[in-house]
Amino acid sequence: MSNSKLDSVLFAGQKKAILALEDGTIFNGISIGYEGNSTGEIVFNTAMSGYQEILSDPSYAEQIVTLTYPHIGNTGCNSSDNESAQTHVKGLVIKDLPKLASSWRFQESLQQYLIKNKIVAIADLDTRELTKILRTKGAMKACIMTQNIEELDAIEQANNFSGLENMDLAIKVTCAKPYQWQQAEFDLSANDFSENNDKKYKVVCYDYGVKYNILRILASLNCDITVVPADTSTKEVLAMQPDGIFLSNGPGDPAACGYAIQSTREILQSGIPLFGICLGHQILALASGAKTTKMKFGHHGANHPVQDLETTEVMITSQNHGFAVDESNIPDNLQVTHKSLFDDSVQGIKRTDCFAYSFQGHPEASPGPHDAKKLFLPFIQKMKDNKKQESSNA
């Protein structure tokens, strides 16, 4: 097979590795990534595909990801499937790394990708047992150790991790300066991304850890996109005269992002249409007077059912979050629009006094189903209506 790489995974000289949890649980396995020790919050993801998109999602900063699907790496990796300019995940845990990677888009093996991006990873352990522990006890502090292995030291390192509560990670993963985004959605027939040649709506995107596919969808919907750092002032954003403002996904505790909460409050007063996803959803809630809470083990996967409370329609969605909007503290200016059918947690909200709405899941998927992609459309329609109104008043 011309697209198969029998020697693409570097199995020679397999090296022992361990995964230590804060409660003292030890899993033995083999090192399949960058050599070193890494600590973070360990979570499980139930997606069956999209491991490269998961590894490159900034929302996983300071987290070790366990993939519940047993065979990871079958199709290798390529330069087109990254969701950011670099990886932020602290580690990868899988059951089995196949010896063969086969795909017409193959460029490098998963192991080569892990080593190149300095991601510590462990395989050959029982991810079912690990997932059961995390479901029972909740997301935990953990350490993957591949060098100078000492179980007690690994447990100590795991416990020394600070945890994600009160941690502002958006400021760590955001862009250094504003930039224009051009790329639209992927064209499978051309094996490349299309271009945005019809820019009708000027959108400013606050980058709290934005995924590329969010920007690509907005570009495909005729948006002229300027991405700005997470702490950009409202004054600077309003000076750009945007038709709409987007609050992106991102990692960490939303309550720790005081600068984002304050700028969102000010934007809401401006009357400019606003749409938020994931961390952006939580920021909108906090700016509106609601509260957020740390979830037991979060939602991470590409198969989560979410119901639209108005239409009762159920969408299968992509999810990646460890915090949620607390429904017991919803103020009068917010309406809950969507809920998870897994645990009844809040998945969508909208303001009742201005045009601003948000979604907790990931309607841009990548990886995952496209059921919720239509959630971008009200944002586009509102900007279109505003432009039409401005034109008629001119």
# chains A, B, ... in the order shown; residues from 1 in each chain; ligands from 1
>>> select_by_dssp(residues="stretch 107-302 of chain A", states="strand (DSSP E)", output="PyMOL selection string")
chain A and resi 121-123+140-145+179-181+183-187+192-195+201-207+223-229+244-247+274-277+292-302
>>> residues_around(residues="A:Asp168", least_positions_apart="2", cutoff="6 Å", atoms="only C-alpha atoms", output="PyMOL selection string")
chain A and resi 170+252-253+256-257
>>> residues_around(residues="A:Gly50", least_positions_apart="5", cutoff="12 Å", atoms="only C-alpha atoms", output="PDB file with all heavy atoms, in the first residue's frame")
ATOM      1  N   ASN A  45     -11.759  11.386  27.054  1.00  0.00           N
ATOM      2  CA  ASN A  45     -12.479  11.853  25.877  1.00  0.00           C
ATOM      3  C   ASN A  45     -13.048  10.645  25.145  1.00  0.00           C
ATOM      4  O   ASN A  45     -12.317   9.696  24.850  1.00  0.00           O
ATOM      5  CB  ASN A  45     -11.538  12.640  24.957  1.00  0.00           C
ATOM      6  CG  ASN A  45     -12.263  13.255  23.771  1.00  0.00           C
ATOM      7  OD1 ASN A  45     -12.848  12.569  22.947  1.00  0.00           O
ATOM      8  ND2 ASN A  45     -12.199  14.579  23.676  1.00  0.00           N
ATOM      9  N   LEU A  55      -5.396  16.857  20.314  1.00  0.00           N
ATOM     10  CA  LEU A  55      -4.060  17.196  20.824  1.00  0.00           C
ATOM     11  C   LEU A  55      -3.701  18.660  20.560  1.00  0.00           C
ATOM     12  O   LEU A  55      -2.931  19.258  21.321  1.00  0.00           O
ATOM     13  CB  LEU A  55      -3.012  16.283  20.187  1.00  0.00           C
ATOM     14  CG  LEU A  55      -3.063  14.806  20.608  1.00  0.00           C
ATOM     15  CD1 LEU A  55      -2.136  13.968  19.726  1.00  0.00           C
ATOM     16  CD2 LEU A  55      -2.670  14.651  22.075  1.00  0.00           C
ATOM     17  N   SER A  56      -4.253  19.230  19.505  1.00  0.00           N
ATOM     18  CA  SER A  56      -3.898  20.611  19.140  1.00  0.00           C
ATOM     19  C   SER A  56      -4.958  21.631  19.554  1.00  0.00           C
ATOM     20  O   SER A  56      -4.878  22.799  19.173  1.00  0.00           O
ATOM     21  CB  SER A  56      -3.651  20.706  17.628  1.00  0.00           C
ATOM     22  OG  SER A  56      -4.775  20.255  16.899  1.00  0.00           O
ATOM     23  N   ASP A  57      -5.955  21.203  20.328  1.00  0.00           N
ATOM     24  CA  ASP A  57      -6.992  22.112  20.827  1.00  0.00           C
ATOM     25  C   ASP A  57      -6.467  22.842  22.065  1.00  0.00           C
ATOM     26  O   ASP A  57      -6.172  22.217  23.084  1.00  0.00           O
ATOM     27  CB  ASP A  57      -8.238  21.288  21.183  1.00  0.00           C
ATOM     28  CG  ASP A  57      -9.404  22.146  21.660  1.00  0.00           C
ATOM     29  OD1 ASP A  57      -9.210  23.336  21.947  1.00  0.00           O
ATOM     30  OD2 ASP A  57     -10.522  21.594  21.766  1.00  0.00           O
ATOM     31  N   LEU A  67      -7.905   8.803  25.867  1.00  0.00           N
ATOM     32  CA  LEU A  67      -8.842   8.508  24.798  1.00  0.00           C
ATOM     33  C   LEU A  67      -9.442   7.128  25.036  1.00  0.00           C
ATOM     34  O   LEU A  67      -8.723   6.140  25.167  1.00  0.00           O
ATOM     35  CB  LEU A  67      -8.143   8.576  23.439  1.00  0.00           C
ATOM     36  CG  LEU A  67      -7.573   9.967  23.101  1.00  0.00           C
ATOM     37  CD1 LEU A  67      -6.858   9.941  21.765  1.00  0.00           C
ATOM     38  CD2 LEU A  67      -8.669  11.017  23.089  1.00  0.00           C
ATOM     39  N   TYR A  69     -11.463   5.350  23.052  1.00  0.00           N
ATOM     40  CA  TYR A  69     -11.432   4.433  21.908  1.00  0.00           C
ATOM     41  C   TYR A  69     -10.085   3.706  21.933  1.00  0.00           C
ATOM     42  O   TYR A  69      -9.041   4.341  22.115  1.00  0.00           O
ATOM     43  CB  TYR A  69     -11.617   5.198  20.600  1.00  0.00           C
ATOM     44  CG  TYR A  69     -11.764   4.288  19.409  1.00  0.00           C
ATOM     45  CD1 TYR A  69     -12.934   3.536  19.251  1.00  0.00           C
ATOM     46  CD2 TYR A  69     -10.761   4.157  18.460  1.00  0.00           C
ATOM     47  CE1 TYR A  69     -13.079   2.686  18.167  1.00  0.00           C
ATOM     48  CE2 TYR A  69     -10.905   3.308  17.379  1.00  0.00           C
ATOM     49  CZ  TYR A  69     -12.065   2.573  17.238  1.00  0.00           C
ATOM     50  OH  TYR A  69     -12.211   1.717  16.169  1.00  0.00           O
ATOM     51  N   HIS A  71      -8.013   1.955  19.760  1.00  0.00           N
ATOM     52  CA  HIS A  71      -6.958   1.999  18.744  1.00  0.00           C
ATOM     53  C   HIS A  71      -6.776   3.435  18.261  1.00  0.00           C
ATOM     54  O   HIS A  71      -7.616   3.972  17.547  1.00  0.00           O
ATOM     55  CB  HIS A  71      -7.301   1.090  17.571  1.00  0.00           C
ATOM     56  CG  HIS A  71      -7.593  -0.313  17.986  1.00  0.00           C
ATOM     57  ND1 HIS A  71      -6.628  -1.139  18.526  1.00  0.00           N
ATOM     58  CD2 HIS A  71      -8.739  -1.034  17.975  1.00  0.00           C
ATOM     59  CE1 HIS A  71      -7.167  -2.303  18.819  1.00  0.00           C
ATOM     60  NE2 HIS A  71      -8.446  -2.263  18.500  1.00  0.00           N
ATOM     61  N   ILE A  72      -5.678   4.054  18.638  1.00  0.00           N
ATOM     62  CA  ILE A  72      -5.425   5.460  18.325  1.00  0.00           C
ATOM     63  C   ILE A  72      -4.137   5.573  17.502  1.00  0.00           C
ATOM     64  O   ILE A  72      -3.090   5.071  17.901  1.00  0.00           O
ATOM     65  CB  ILE A  72      -5.281   6.297  19.612  1.00  0.00           C
ATOM     66  CG1 ILE A  72      -6.563   6.204  20.449  1.00  0.00           C
ATOM     67  CG2 ILE A  72      -4.952   7.744  19.274  1.00  0.00           C
ATOM     68  CD1 ILE A  72      -7.804   6.763  19.783  1.00  0.00           C
ATOM     69  N   GLY A  73      -4.228   6.230  16.344  1.00  0.00           N
ATOM     70  CA  GLY A  73      -3.072   6.415  15.485  1.00  0.00           C
ATOM     71  C   GLY A  73      -3.198   5.729  14.147  1.00  0.00           C
ATOM     72  O   GLY A  73      -2.270   5.773  13.330  1.00  0.00           O
ATOM     73  N   ASN A  74      -4.346   5.112  13.877  1.00  0.00           N
ATOM     74  CA  ASN A  74      -4.539   4.322  12.667  1.00  0.00           C
ATOM     75  C   ASN A  74      -4.291   5.098  11.377  1.00  0.00           C
ATOM     76  O   ASN A  74      -3.809   4.530  10.392  1.00  0.00           O
ATOM     77  CB  ASN A  74      -5.974   3.771  12.608  1.00  0.00           C
ATOM     78  CG  ASN A  74      -6.402   3.060  13.858  1.00  0.00           C
ATOM     79  OD1 ASN A  74      -6.385   3.661  14.935  1.00  0.00           O
ATOM     80  ND2 ASN A  74      -6.805   1.808  13.743  1.00  0.00           N
ATOM     81  N   THR A  75      -4.637   6.377  11.361  1.00  0.00           N
ATOM     82  CA  THR A  75      -4.527   7.157  10.128  1.00  0.00           C
ATOM     83  C   THR A  75      -3.357   8.131  10.136  1.00  0.00           C
ATOM     84  O   THR A  75      -3.201   8.921   9.202  1.00  0.00           O
ATOM     85  CB  THR A  75      -5.829   7.944   9.876  1.00  0.00           C
ATOM     86  OG1 THR A  75      -6.122   8.758  11.016  1.00  0.00           O
ATOM     87  CG2 THR A  75      -6.991   6.991   9.636  1.00  0.00           C
ATOM     88  N   GLY A  76      -2.533   8.092  11.168  1.00  0.00           N
ATOM     89  CA  GLY A  76      -1.390   8.987  11.230  1.00  0.00           C
ATOM     90  C   GLY A  76      -1.799  10.432  11.457  1.00  0.00           C
ATOM     91  O   GLY A  76      -2.894  10.721  11.936  1.00  0.00           O
ATOM     92  N   CYS A  77      -0.928  11.348  11.087  1.00  0.00           N
ATOM     93  CA  CYS A  77      -1.170  12.780  11.261  1.00  0.00           C
ATOM     94  C   CYS A  77      -0.797  13.521   9.983  1.00  0.00           C
ATOM     95  O   CYS A  77      -0.065  13.007   9.140  1.00  0.00           O
ATOM     96  CB  CYS A  77      -0.348  13.322  12.436  1.00  0.00           C
ATOM     97  SG  CYS A  77      -0.740  12.566  14.035  1.00  0.00           S
ATOM     98  N   ASN A  78      -1.294  14.727   9.851  1.00  0.00           N
ATOM     99  CA  ASN A  78      -0.969  15.558   8.686  1.00  0.00           C
ATOM    100  C   ASN A  78      -1.010  17.028   9.071  1.00  0.00           C
ATOM    101  O   ASN A  78      -1.505  17.388  10.143  1.00  0.00           O
ATOM    102  CB  ASN A  78      -1.926  15.268   7.526  1.00  0.00           C
ATOM    103  CG  ASN A  78      -3.358  15.628   7.860  1.00  0.00           C
ATOM    104  OD1 ASN A  78      -3.723  16.791   7.892  1.00  0.00           O
ATOM    105  ND2 ASN A  78      -4.166  14.615   8.145  1.00  0.00           N
ATOM    106  N   ASP A  81      -4.745  19.016   9.822  1.00  0.00           N
ATOM    107  CA  ASP A  81      -5.729  18.700  10.855  1.00  0.00           C
ATOM    108  C   ASP A  81      -5.461  19.345  12.203  1.00  0.00           C
ATOM    109  O   ASP A  81      -6.189  19.080  13.166  1.00  0.00           O
ATOM    110  CB  ASP A  81      -5.829  17.178  11.042  1.00  0.00           C
ATOM    111  CG  ASP A  81      -6.589  16.513   9.909  1.00  0.00           C
ATOM    112  OD1 ASP A  81      -7.222  17.240   9.118  1.00  0.00           O
ATOM    113  OD2 ASP A  81      -6.548  15.275   9.800  1.00  0.00           O
ATOM    114  N   ASN A  82      -4.453  20.188  12.309  1.00  0.00           N
ATOM    115  CA  ASN A  82      -4.197  20.893  13.563  1.00  0.00           C
ATOM    116  C   ASN A  82      -5.249  21.969  13.799  1.00  0.00           C
ATOM    117  O   ASN A  82      -5.686  22.634  12.857  1.00  0.00           O
ATOM    118  CB  ASN A  82      -2.809  21.534  13.557  1.00  0.00           C
ATOM    119  CG  ASN A  82      -1.700  20.506  13.686  1.00  0.00           C
ATOM    120  OD1 ASN A  82      -1.837  19.538  14.413  1.00  0.00           O
ATOM    121  ND2 ASN A  82      -0.611  20.721  12.971  1.00  0.00           N
ATOM    122  N   GLU A  83      -5.628  22.152  15.048  1.00  0.00           N
ATOM    123  CA  GLU A  83      -6.619  23.152  15.412  1.00  0.00           C
ATOM    124  C   GLU A  83      -6.005  24.405  16.032  1.00  0.00           C
ATOM    125  O   GLU A  83      -6.724  25.310  16.460  1.00  0.00           O
ATOM    126  CB  GLU A  83      -7.647  22.545  16.362  1.00  0.00           C
ATOM    127  CG  GLU A  83      -8.694  21.706  15.658  1.00  0.00           C
ATOM    128  CD  GLU A  83      -9.533  22.512  14.673  1.00  0.00           C
ATOM    129  OE1 GLU A  83      -9.941  23.637  15.005  1.00  0.00           O
ATOM    130  OE2 GLU A  83      -9.756  22.026  13.553  1.00  0.00           O
ATOM    131  N   LEU A 110       1.559   9.056  14.438  1.00  0.00           N
ATOM    132  CA  LEU A 110       1.184   9.705  15.693  1.00  0.00           C
ATOM    133  C   LEU A 110       2.391   9.805  16.612  1.00  0.00           C
ATOM    134  O   LEU A 110       2.598  10.834  17.260  1.00  0.00           O
ATOM    135  CB  LEU A 110       0.055   8.925  16.379  1.00  0.00           C
ATOM    136  CG  LEU A 110      -0.325   9.403  17.789  1.00  0.00           C
ATOM    137  CD1 LEU A 110      -0.747  10.860  17.797  1.00  0.00           C
ATOM    138  CD2 LEU A 110      -1.431   8.523  18.382  1.00  0.00           C
ATOM    139  N   GLY A 301     -15.786  14.808  24.390  1.00  0.00           N
ATOM    140  CA  GLY A 301     -16.131  13.773  23.435  1.00  0.00           C
ATOM    141  C   GLY A 301     -16.843  14.343  22.231  1.00  0.00           C
ATOM    142  O   GLY A 301     -17.087  15.548  22.131  1.00  0.00           O
ATOM    143  N   ALA A 302     -17.195  13.456  21.284  1.00  0.00           N
ATOM    144  CA  ALA A 302     -17.849  13.888  20.049  1.00  0.00           C
ATOM    145  C   ALA A 302     -19.210  13.224  19.883  1.00  0.00           C
ATOM    146  O   ALA A 302     -19.685  13.060  18.770  1.00  0.00           O
ATOM    147  CB  ALA A 302     -16.955  13.558  18.853  1.00  0.00           C
ATOM    148  N   SER A 318     -20.060  17.841  19.744  1.00  0.00           N
ATOM    149  CA  SER A 318     -18.689  17.744  20.236  1.00  0.00           C
ATOM    150  C   SER A 318     -18.576  18.594  21.495  1.00  0.00           C
ATOM    151  O   SER A 318     -19.120  19.702  21.551  1.00  0.00           O
ATOM    152  CB  SER A 318     -17.719  18.242  19.165  1.00  0.00           C
ATOM    153  OG  SER A 318     -16.390  18.149  19.599  1.00  0.00           O
ATOM    154  N   ALA A 365     -17.320  21.518  15.701  1.00  0.00           N
ATOM    155  CA  ALA A 365     -16.834  20.121  15.734  1.00  0.00           C
ATOM    156  C   ALA A 365     -15.318  20.079  15.614  1.00  0.00           C
ATOM    157  O   ALA A 365     -14.628  20.757  16.359  1.00  0.00           O
ATOM    158  CB  ALA A 365     -17.506  19.299  14.644  1.00  0.00           C
ATOM    159  N   SER A 366     -14.836  19.256  14.689  1.00  0.00           N
ATOM    160  CA  SER A 366     -13.397  19.118  14.427  1.00  0.00           C
ATOM    161  C   SER A 366     -12.603  18.710  15.668  1.00  0.00           C
ATOM    162  O   SER A 366     -11.784  19.485  16.169  1.00  0.00           O
ATOM    163  CB  SER A 366     -12.840  20.420  13.847  1.00  0.00           C
ATOM    164  OG  SER A 366     -11.555  20.227  13.313  1.00  0.00           O
ATOM    165  N   PRO A 367     -12.805  17.487  16.176  1.00  0.00           N
ATOM    166  CA  PRO A 367     -13.614  16.434  15.554  1.00  0.00           C
ATOM    167  C   PRO A 367     -15.050  16.446  16.048  1.00  0.00           C
ATOM    168  O   PRO A 367     -15.357  17.066  17.056  1.00  0.00           O
ATOM    169  CB  PRO A 367     -12.906  15.166  16.023  1.00  0.00           C
ATOM    170  CG  PRO A 367     -12.470  15.508  17.417  1.00  0.00           C
ATOM    171  CD  PRO A 367     -12.059  16.963  17.353  1.00  0.00           C
ATOM    172  N   GLY A 368     -15.884  15.677  15.333  1.00  0.00           N
ATOM    173  CA  GLY A 368     -17.242  15.489  15.803  1.00  0.00           C
ATOM    174  C   GLY A 368     -18.293  15.720  14.749  1.00  0.00           C
ATOM    175  O   GLY A 368     -17.995  16.112  13.611  1.00  0.00           O
ATOM    176  N   PRO A 369     -19.562  15.521  15.107  1.00  0.00           N
ATOM    177  CA  PRO A 369     -20.685  15.695  14.179  1.00  0.00           C
ATOM    178  C   PRO A 369     -20.978  17.160  13.914  1.00  0.00           C
ATOM    179  O   PRO A 369     -20.555  18.033  14.662  1.00  0.00           O
ATOM    180  CB  PRO A 369     -21.846  15.021  14.924  1.00  0.00           C
ATOM    181  CG  PRO A 369     -21.489  15.199  16.370  1.00  0.00           C
ATOM    182  CD  PRO A 369     -19.993  15.083  16.443  1.00  0.00           C
TER     183      PRO A 369
END
>>> closest_atom_pairs(of="stretch 44-142 of chain A", to="stretch 28-39 of chain A", cutoff="12 Å", atoms="only C-alpha atoms", output="Markdown table")
| residue | atom | partner | partner_atom | distance |
| --- | --- | --- | --- | --- |
| A:Ala61 | CA | A:Thr39 | CA | 11.3 |
| A:Glu62 | CA | A:Thr39 | CA | 7.8 |
| A:Gln63 | CA | A:Thr39 | CA | 8.0 |
| A:Ile64 | CA | A:Thr39 | CA | 7.5 |
| A:Val65 | CA | A:Thr39 | CA | 11.3 |
| A:Ile72 | CA | A:Ile32 | CA | 11.6 |
| A:Gly73 | CA | A:Ile32 | CA | 11.1 |
| A:Val89 | CA | A:Ser38 | CA | 10.1 |
| A:Lys90 | CA | A:Ser38 | CA | 6.3 |
| A:Gly91 | CA | A:Ser38 | CA | 6.7 |
| A:Leu92 | CA | A:Gly33 | CA | 8.5 |
| A:Val93 | CA | A:Ile32 | CA | 9.5 |
| A:Ile94 | CA | A:Gly29 | CA | 9.6 |
| A:Lys95 | CA | A:Gly29 | CA | 9.0 |
| A:Asp96 | CA | A:Ile32 | CA | 10.1 |
| A:Leu97 | CA | A:Ile32 | CA | 8.1 |
| A:Pro98 | CA | A:Ile32 | CA | 11.2 |
| A:Lys99 | CA | A:Ile32 | CA | 11.7 |
| A:Ser109 | CA | A:Gly33 | CA | 11.0 |
| A:Leu110 | CA | A:Gly33 | CA | 8.7 |
| A:Gln111 | CA | A:Gly33 | CA | 5.7 |
| A:Gln112 | CA | A:Gly33 | CA | 7.7 |
| A:Tyr113 | CA | A:Gly33 | CA | 8.2 |
| A:Leu114 | CA | A:Gly33 | CA | 5.0 |
| A:Ile115 | CA | A:Tyr34 | CA | 4.5 |
| A:Lys116 | CA | A:Tyr34 | CA | 7.7 |
| A:Asn117 | CA | A:Tyr34 | CA | 7.9 |
| A:Lys118 | CA | A:Tyr34 | CA | 5.0 |
| A:Ile119 | CA | A:Tyr34 | CA | 5.3 |
| A:Val120 | CA | A:Tyr34 | CA | 4.7 |
| A:Ala121 | CA | A:Gly33 | CA | 4.8 |
| A:Ile122 | CA | A:Ser31 | CA | 4.7 |
| A:Ala123 | CA | A:Ile30 | CA | 5.4 |
| A:Asp124 | CA | A:Gly29 | CA | 4.9 |
| A:Leu125 | CA | A:Gly29 | CA | 5.4 |
| A:Asp126 | CA | A:Gly29 | CA | 9.1 |
| A:Thr127 | CA | A:Gly29 | CA | 10.9 |
| A:Leu130 | CA | A:Asn28 | CA | 11.6 |
| A:Met140 | CA | A:Thr39 | CA | 10.6 |
| A:Lys141 | CA | A:Thr39 | CA | 7.3 |
| A:Ala142 | CA | A:Thr39 | CA | 5.6 |
